[in-house]
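Structure first, then comments.
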Amino acid sequence: MSPADLTPAERKILRRLSTPAKIQDFLNTLPFNFERAGETLRSPRRVLRDRTAHCLEGALLAAAALQLHGEASLLLDLKTNPRGGDSDHVVTLFRRRGLWGAISKTNHAVLRYREPVYRTVRELALSYFHEYFLDTGKKTLRSYSKPFDLRRVAKRGWLADERDLWWLSRMLDSSPHAAIAPKATIRGLRRAESIEIEAGKITEWPTRPRFSR
C-alpha cells in the first residue's frame, strides 16, 4: 500500500504536514492515547480518524507524512531494561543536510522532538539517555534499533489497516538493536537527581499511568 491508497481527505491532511516541524506540531495537538479501553496499535488512517495517539501510533503517522512528501519512512526503537518497569519509546527519523533529527509523540516534557543536529543515529539515540529514568532515579535506556525502514513492509498495508498492527510491533522489537553502553558501565550508573525526577513528572495530557511514554 502506498500513500496513493489513502483517501483524498487523508492525503490533504498529510500534504499540509510538509516539514518535520509541522508534523511535530500536528502530533502535539492530538491527545495522548492511554489505551483505557485496551491496548491499540492503530494505523495512520485510524489515528487521523480518532484524533489520538501514543508514541508508536504517532511515529507511524509521522512516517506516513514524510513518505507522502517523498522522504524515507524510518523508525527508531528505544528499548529499556526488560526488568526495569519502564516503557520502550519509538520516534520517527529524518535527515536534513546529512544530519539526523527525530519526531516524537510523548506525553512527557522529555523524550521529545530532536532538531537535525546529530551526525549519526547513535548520537541521536544517546541524546535520550539521561532523560530516561524511573521515579526512583534509575536510568533505564539500554539499546536502540537500527533505522527500521517501513518500505520493507509496504505491502502489509500499515498506512490504512483497520486492524491493530501488532505484527509491526513484533518486527520492530525483534529487529537489530545496538547496546547503549557496556554492562560494566550500566552497573555503575548514577541515579537521576531529585530535581530531574520532579521535572520528569510533568505531563502534557492528564494521565493515570506514570510510564506511558
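In the C-alpha cells, the first chain shown is A, the next is B, and so on; residue numbers restart at 1 for each chain, and ligands run from 1 in the order shown.
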Please report as JSON lines every residue of stretch 17-89 of chain A lying within 10 Å of stretch 144-150 of chain A, along with the nearest atom pair and their distance in Å (one decimal), using only C-alpha atoms.
{"residue": "A:Leu60", "atom": "CA", "partner": "A:Leu150", "partner_atom": "CA", "distance": 9.0}
{"residue": "A:Ala63", "atom": "CA", "partner": "A:Leu150", "partner_atom": "CA", "distance": 8.1}
{"residue": "A:Ala64", "atom": "CA", "partner": "A:Leu150", "partner_atom": "CA", "distance": 9.3}
{"residue": "A:Gln67", "atom": "CA", "partner": "A:Leu150", "partner_atom": "CA", "distance": 9.4}
{"residue": "A:Ala72", "atom": "CA", "partner": "A:Asp149", "partner_atom": "CA", "distance": 7.5}
{"residue": "A:Ser73", "atom": "CA", "partner": "A:Leu150", "partner_atom": "CA", "distance": 5.6}
{"residue": "A:Leu74", "atom": "CA", "partner": "A:Asp149", "partner_atom": "CA", "distance": 4.7}
{"residue": "A:Leu75", "atom": "CA", "partner": "A:Phe148", "partner_atom": "CA", "distance": 5.0}
{"residue": "A:Leu76", "atom": "CA", "partner": "A:Pro147", "partner_atom": "CA", "distance": 5.4}
{"residue": "A:Asp77", "atom": "CA", "partner": "A:Ser145", "partner_atom": "CA", "distance": 5.1}
{"residue": "A:Leu78", "atom": "CA", "partner": "A:Tyr144", "partner_atom": "CA", "distance": 4.6}
{"residue": "A:Lys79", "atom": "CA", "partner": "A:Tyr144", "partner_atom": "CA", "distance": 5.9}
{"residue": "A:Thr80", "atom": "CA", "partner": "A:Tyr144", "partner_atom": "CA", "distance": 8.9}
{"residue": "A:Asp88", "atom": "CA", "partner": "A:Tyr144", "partner_atom": "CA", "distance": 9.8}
{"residue": "A:His89", "atom": "CA", "partner": "A:Tyr144", "partner_atom": "CA", "distance": 9.6}
Could you give me, as a Markdown table, a per-residue list for stretch 95-161 of chain A showing, wherever an atom lies at most 10 Å from an atom of stretch 40-47 of chain A, the closest pair of atoms and their distance in Å to one decimal, using only C-alpha atoms and sorting by chain then residue number from low to high?
| residue | atom | partner | partner_atom | distance |
| --- | --- | --- | --- | --- |
| A:Gly157 | CA | A:Ser43 | CA | 8.7 |
| A:Trp158 | CA | A:Ser43 | CA | 5.8 |
| A:Leu159 | CA | A:Pro44 | CA | 5.4 |
| A:Ala160 | CA | A:Arg45 | CA | 4.8 |
| A:Asp161 | CA | A:Ser43 | CA | 5.8 |
Could you pull the residues within 10 Å of A:Arg97, counting only C-alpha atoms, minus those fewer than 3 positions along the same chain, as a count of residues only?
4
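On the backbone of this structure, DSSP gives alpha helix (DSSP H) within stretch 136-185 of chain A to Trp166, Trp167, Leu168, Ser169, Arg170, Met171, Leu172, Asp173, Ser174, Lys183, Ala184 and Thr185 of chain A.
If you measure from each of A:Arg122, A:Tyr132, A:Ser104, A:Lys139 to A:His177 using only C-alpha atoms, the closest one turns out to be A:Arg122.
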May I have the residues within 12 Å of A:Arg156 as a compact mmCIF listing (two decimals) with C-alpha atoms, in the first residue's frame, using only C-alpha atoms and disregarding those fewer than 4 positions away in the same chain?
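Final output, saved to out01.txt:
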# COMPACT_ATOMS: atom_id res chain seq x y z
CA MET A 1 0.00 0.00 0.00
CA SER A 2 1.27 3.47 -0.88
CA SER A 43 -2.66 2.72 11.52
CA LEU A 150 8.81 0.89 6.64
CA ARG A 151 9.29 0.38 2.92
CA ARG A 152 10.14 -3.19 3.89
CA ALA A 160 -4.64 2.23 6.35
CA ASP A 161 -5.25 -1.12 8.04
CA GLU A 162 -8.35 -1.19 10.24
CA ARG A 163 -6.78 -3.89 12.40
CA LEU A 165 -0.64 -3.58 13.73
CA TRP A 166 0.77 -5.99 16.31
CA TRP A 167 2.82 -7.74 13.62
CA LEU A 168 4.68 -4.47 13.03
Shell around stretch 188-197 of chain A at 7 Å using only C-alpha atoms, local window under 5 positions removed, as JSON, numbers by chain
{"A": [135, 137, 138, 139]}
With C-alpha atoms retained, could you export that selection as a PDB file, in the first residue's frame?
ATOM      1  CA  ASP A 135      10.718   7.754  39.735  1.00  0.00           C
ATOM      2  CA  GLY A 137      16.064   7.804  39.566  1.00  0.00           C
ATOM      3  CA  LYS A 138      17.217   4.565  37.954  1.00  0.00           C
ATOM      4  CA  LYS A 139      18.255   5.151  34.331  1.00  0.00           C
TER       5      LYS A 139
END
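Here atom CA of A:Gly70 stands at a distance of 14.8 Å from atom CA of A:Thr92.
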Using atom CA of A:Arg15 and atom CA of A:Pro3 as the two end points, give the distance in Å to one decimal.
10.4 Å
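Proximity of A:Cys55, A:Val110, A:Leu17, A:Leu61 to A:Ser87, computed with only C-alpha atoms, is greatest for A:Cys55.
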For the strand (DSSP E or B) assignment from backbone DSSP, which residues of chain A qualify? Please present them as a VMD selection string.
chain A and resid 32 53 74 to 80 89 to 96 99 to 103 108 114 to 118 133 139 141 to 145 148 to 149 177 to 179 203
If we count only C-alpha atoms and set the cut-off at 12 Å, which residues sit around A:Lys22, ignoring sequence neighbours fewer than 4 positions away in its own chain? Please answer as a PyMOL selection string.
chain A and resi 13-18+26-29+62+65-66+103+113
Save the residues we just selected, C-alpha atoms, as a PDB file, in the first residue's frame?
ATOM      1  CA  ILE A  13      -4.111  16.460   5.922  1.00  0.00           C
ATOM      2  CA  LEU A  14      -0.745  14.785   5.403  1.00  0.00           C
ATOM      3  CA  ARG A  15       0.119  17.066   2.491  1.00  0.00           C
ATOM      4  CA  ARG A  16      -0.112  20.056   4.836  1.00  0.00           C
ATOM      5  CA  LEU A  17       2.456  18.405   7.108  1.00  0.00           C
ATOM      6  CA  SER A  18       5.285  19.236   4.726  1.00  0.00           C
ATOM      7  CA  PHE A  26       0.257  18.368  14.459  1.00  0.00           C
ATOM      8  CA  LEU A  27       1.134  15.419  16.714  1.00  0.00           C
ATOM      9  CA  ASN A  28       1.229  17.753  19.689  1.00  0.00           C
ATOM     10  CA  THR A  29      -2.430  18.654  19.083  1.00  0.00           C
ATOM     11  CA  ALA A  62       4.842  10.956  11.112  1.00  0.00           C
ATOM     12  CA  ALA A  65       3.571  12.186   6.265  1.00  0.00           C
ATOM     13  CA  LEU A  66       7.265  12.032   5.417  1.00  0.00           C
ATOM     14  CA  ILE A 103       9.797  13.400  15.553  1.00  0.00           C
ATOM     15  CA  TYR A 113      11.417  16.275  19.159  1.00  0.00           C
TER      16      TYR A 113
END
Exercise: A:Asn33 partners within 7 Å, only C-alpha atoms, chain neighbours under 2 positions left out, as a list in words
Pro31, Glu35, Thr52, Ala53 and His54 of chain A
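In this comparison, which uses only C-alpha atoms, the residue of A:Ala9, A:Ala21, A:Leu126, A:Ala37 approaching A:Arg49 most closely is A:Ala9.
The spacing separating atom CA of A:Phe94 from atom CA of A:Thr185 amounts to 29.7 Å.
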